[in-house]
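**Q** One structure, as structure tokens, below. Some questions next.
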Amino acid sequence: MASSGLPQQARSPAVAQIVTPDICDTHPEVRVLDPLFINVGGREAFCGPIHTVKCFEDNSLVKQAVAEPGDGAVLVVDAGGSQRCAMLGDMLAEQAAANGWSGVVMYGCVRDIDALAEIDLGVQALGVHPRKSEKHGEGRRDVPVTLAGTTLTPGEWLYADNNGILVADRRLPLE
């Protein structure tokens, strides 16, 4: 597989193996999300089983999810593509990293990106917004979500790097 561009000692084995173009070549059955996301987290490449939150301008369930053990999973948040507030910032990202989440894919905005870049968590989002979200406890967890041209179902596997985001129906063997 292609190199991630980092010196060997700076790469974790998991990061070195996630190269989405190579995964696409080896596993043409994967689904590729539309190229809408920017990579703003401290991990440039990440993967894991999918958990979902579906909400709109209310990050209460995001906060609830990242407070739980992530066990290497990826939290996919369907925030309706909202560009009016951030659904994840440095405090929730730090909590997610501390609780073992591999990454967060935000179909919406994040904030505190200078801090996010320093946290050992993959974060991809549509954009950046300084305003925080509302908190009314609205939304749903672990339901299929459709965003960026594909449906993502809890339990499927997500692979992400600077080239894009892929979804597979199972964990893929990576070399």
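Please note that chains go A, B, ... in the order of the structure tokens, that every chain numbers its residues from 1, and that ligands are numbered from 1 in the order shown.
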Give the helix (DSSP H, G or I) residues of segment 13-71 of chain A, as DSSP finds them on the backbone, and put them as a VMD selection string.
**A** chain A and resid 13 to 17 20 to 26 60 to 66
**Q** Any chance you could export the current selection's all heavy atoms as a compact mmCIF listing (two decimals), in the first residue's frame?
**A**
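For reference, again_32.txt as written:
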```txt
# COMPACT_ATOMS: atom_id res chain seq x y z
N PRO A 13 0.38 1.54 13.50
CA PRO A 13 0.09 0.52 12.50
C PRO A 13 -1.28 0.72 11.86
O PRO A 13 -1.44 0.53 10.67
CB PRO A 13 0.15 -0.79 13.28
CG PRO A 13 1.03 -0.48 14.45
CD PRO A 13 0.79 0.98 14.76
N ALA A 14 -2.30 1.12 12.64
CA ALA A 14 -3.63 1.30 12.08
C ALA A 14 -3.66 2.41 11.04
O ALA A 14 -4.26 2.28 10.00
CB ALA A 14 -4.64 1.58 13.18
N VAL A 15 -2.99 3.53 11.32
CA VAL A 15 -2.97 4.64 10.39
C VAL A 15 -2.24 4.27 9.12
O VAL A 15 -2.66 4.60 8.02
CB VAL A 15 -2.35 5.90 11.05
CG1 VAL A 15 -2.12 7.00 10.03
CG2 VAL A 15 -3.24 6.41 12.17
N ALA A 16 -1.14 3.54 9.23
CA ALA A 16 -0.35 3.17 8.07
C ALA A 16 -1.16 2.30 7.11
O ALA A 16 -0.91 2.30 5.91
CB ALA A 16 0.91 2.42 8.50
N GLN A 17 -2.16 1.58 7.61
CA GLN A 17 -2.92 0.65 6.78
C GLN A 17 -4.13 1.28 6.12
O GLN A 17 -4.69 0.69 5.22
CB GLN A 17 -3.37 -0.54 7.63
CG GLN A 17 -2.20 -1.36 8.13
CD GLN A 17 -2.65 -2.48 9.04
OE1 GLN A 17 -3.81 -2.58 9.40
NE2 GLN A 17 -1.73 -3.32 9.42
N THR A 20 -7.38 4.98 1.60
CA THR A 20 -8.65 4.70 0.94
C THR A 20 -8.53 4.41 -0.56
O THR A 20 -9.29 3.56 -1.05
CB THR A 20 -9.69 5.81 1.21
OG1 THR A 20 -9.19 7.07 0.78
CG2 THR A 20 -10.04 5.85 2.70
N PRO A 21 -7.62 5.03 -1.32
CA PRO A 21 -7.51 4.61 -2.73
C PRO A 21 -7.12 3.14 -2.87
O PRO A 21 -7.66 2.42 -3.73
CB PRO A 21 -6.44 5.53 -3.30
CG PRO A 21 -6.51 6.76 -2.45
CD PRO A 21 -6.80 6.23 -1.07
N ASP A 22 -6.20 2.68 -2.01
CA ASP A 22 -5.80 1.28 -2.06
C ASP A 22 -6.96 0.37 -1.65
O ASP A 22 -7.15 -0.70 -2.22
CB ASP A 22 -4.60 1.03 -1.15
CG ASP A 22 -3.33 1.71 -1.66
OD1 ASP A 22 -3.32 2.15 -2.82
OD2 ASP A 22 -2.37 1.78 -0.88
N ILE A 23 -7.73 0.79 -0.64
CA ILE A 23 -8.88 0.00 -0.22
C ILE A 23 -9.88 -0.11 -1.37
O ILE A 23 -10.42 -1.18 -1.64
CB ILE A 23 -9.53 0.58 1.05
CG1 ILE A 23 -8.57 0.49 2.24
CG2 ILE A 23 -10.85 -0.13 1.35
CD1 ILE A 23 -9.03 1.25 3.46
N CYS A 24 -10.13 1.00 -2.06
CA CYS A 24 -11.06 0.98 -3.22
C CYS A 24 -10.56 0.03 -4.30
O CYS A 24 -11.37 -0.69 -4.91
CB CYS A 24 -11.20 2.38 -3.81
SG CYS A 24 -12.28 3.46 -2.90
N ASP A 25 -9.25 0.03 -4.55
CA ASP A 25 -8.69 -0.84 -5.58
C ASP A 25 -8.84 -2.32 -5.21
O ASP A 25 -9.15 -3.15 -6.06
CB ASP A 25 -7.21 -0.53 -5.81
CG ASP A 25 -6.99 0.83 -6.44
OD1 ASP A 25 -7.97 1.48 -6.88
OD2 ASP A 25 -5.82 1.28 -6.47
N THR A 26 -8.62 -2.62 -3.93
CA THR A 26 -8.67 -4.00 -3.46
C THR A 26 -10.09 -4.48 -3.21
O THR A 26 -10.40 -5.66 -3.38
CB THR A 26 -7.84 -4.14 -2.16
OG1 THR A 26 -6.53 -3.64 -2.39
CG2 THR A 26 -7.76 -5.57 -1.70
N SER A 60 -27.16 17.19 21.87
CA SER A 60 -27.35 16.46 23.13
C SER A 60 -26.99 14.98 22.99
O SER A 60 -26.32 14.41 23.86
CB SER A 60 -28.80 16.56 23.60
OG SER A 60 -29.18 17.89 23.81
N LEU A 61 -27.41 14.35 21.91
CA LEU A 61 -27.14 12.92 21.74
C LEU A 61 -25.70 12.67 21.31
O LEU A 61 -25.16 11.58 21.57
CB LEU A 61 -28.12 12.29 20.76
CG LEU A 61 -29.59 12.29 21.21
CD1 LEU A 61 -30.46 11.54 20.21
CD2 LEU A 61 -29.75 11.71 22.60
N VAL A 62 -25.06 13.64 20.69
CA VAL A 62 -23.63 13.53 20.39
C VAL A 62 -22.87 13.50 21.72
O VAL A 62 -21.99 12.66 21.95
CB VAL A 62 -23.14 14.69 19.50
CG1 VAL A 62 -21.63 14.63 19.30
CG2 VAL A 62 -23.87 14.69 18.17
N LYS A 63 -23.22 14.44 22.60
CA LYS A 63 -22.59 14.50 23.93
C LYS A 63 -22.80 13.20 24.68
O LYS A 63 -21.88 12.67 25.31
CB LYS A 63 -23.17 15.68 24.71
CG LYS A 63 -22.56 15.87 26.07
CD LYS A 63 -23.12 17.10 26.76
CE LYS A 63 -22.45 17.28 28.12
NZ LYS A 63 -22.92 18.48 28.80
N GLN A 64 -24.00 12.65 24.63
CA GLN A 64 -24.31 11.39 25.29
C GLN A 64 -23.46 10.25 24.72
O GLN A 64 -22.90 9.45 25.46
CB GLN A 64 -25.80 11.09 25.11
CG GLN A 64 -26.29 9.83 25.77
CD GLN A 64 -27.76 9.60 25.43
OE1 GLN A 64 -28.08 9.15 24.33
NE2 GLN A 64 -28.64 9.94 26.35
N ALA A 65 -23.35 10.19 23.39
CA ALA A 65 -22.62 9.10 22.75
C ALA A 65 -21.13 9.13 23.10
O ALA A 65 -20.55 8.10 23.45
CB ALA A 65 -22.80 9.16 21.23
N VAL A 66 -20.49 10.29 23.01
CA VAL A 66 -19.04 10.35 23.25
C VAL A 66 -18.69 10.14 24.72
O VAL A 66 -17.53 9.86 25.05
CB VAL A 66 -18.39 11.65 22.71
CG1 VAL A 66 -18.64 11.77 21.21
CG2 VAL A 66 -18.87 12.88 23.45
```
**Q** Residues of segment 13-109 of chain A that have any atom at most 8 Å from an atom of segment 143-148 of chain A: could you tabulate them with the shortest-distance atom pair and the distance in Å to one decimal, using only C-alpha atoms, ordered by chain and increasing number, as CSV?
**A**
```
residue,atom,partner,partner_atom,distance
A:Leu33,CA,A:Ala148,CA,5.2
A:Asp34,CA,A:Ala148,CA,4.8
A:Pro35,CA,A:Ala148,CA,7.6
A:Leu36,CA,A:Ala148,CA,7.1
A:Thr52,CA,A:Val143,CA,6.2
A:Val53,CA,A:Val143,CA,7.3
A:Lys54,CA,A:Val145,CA,7.0
A:Asp78,CA,A:Val145,CA,6.5
A:Tyr107,CA,A:Leu147,CA,7.2
```
**Q** Using only C-alpha atoms, what table do you get, as a tab-separated table, when you list each residue of segment 8-127 of chain A with an atom no more than 8 Å from segment 152-157 of chain A, its nearest pair of atoms, and their distance in Å rounded to one decimal, rows by chain then rising number?
**A**
```
residue	atom	partner	partner_atom	distance
A:Cys47	CA	A:Trp157	CA	7.1
A:Gly48	CA	A:Trp157	CA	5.5
A:Pro49	CA	A:Trp157	CA	4.4
A:Ile50	CA	A:Pro154	CA	4.9
A:His51	CA	A:Pro154	CA	4.9
A:Thr52	CA	A:Pro154	CA	6.3
```
**Q** Please, which residues of segment 38-156 of chain A, numbered as in this document, come out strand (DSSP E or B) from DSSP, as number ranges by chain?
**A** A: 38-39, 46-54, 58, 74-78, 86, 103-110, 122-128, 132, 134, 140-141, 145-147, 150-152
**Q** So the first atom is atom CA of Ile38 of chain A and the second is atom CA of Gly137 of chain A; what is the distance between them in Å, to one decimal place?
**A**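 Value for the atom CA of Ile38 of chain A-atom CA of Gly137 of chain A distance: 27.1 Å.
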**Q** Quick one: of A:Cys55, A:Leu172, A:Val32, A:Val104, who's nearest to Leu88 of chain A, counting only C-alpha atoms?
**A**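 Smallest separation from Leu88 of chain A among the options: A:Val104.
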**Q** Separation of atom CA of Arg171 of chain A and atom CA of Tyr159 of chain A, in Å?
**A**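 That distance, rounded to one decimal, is 9.5 Å.
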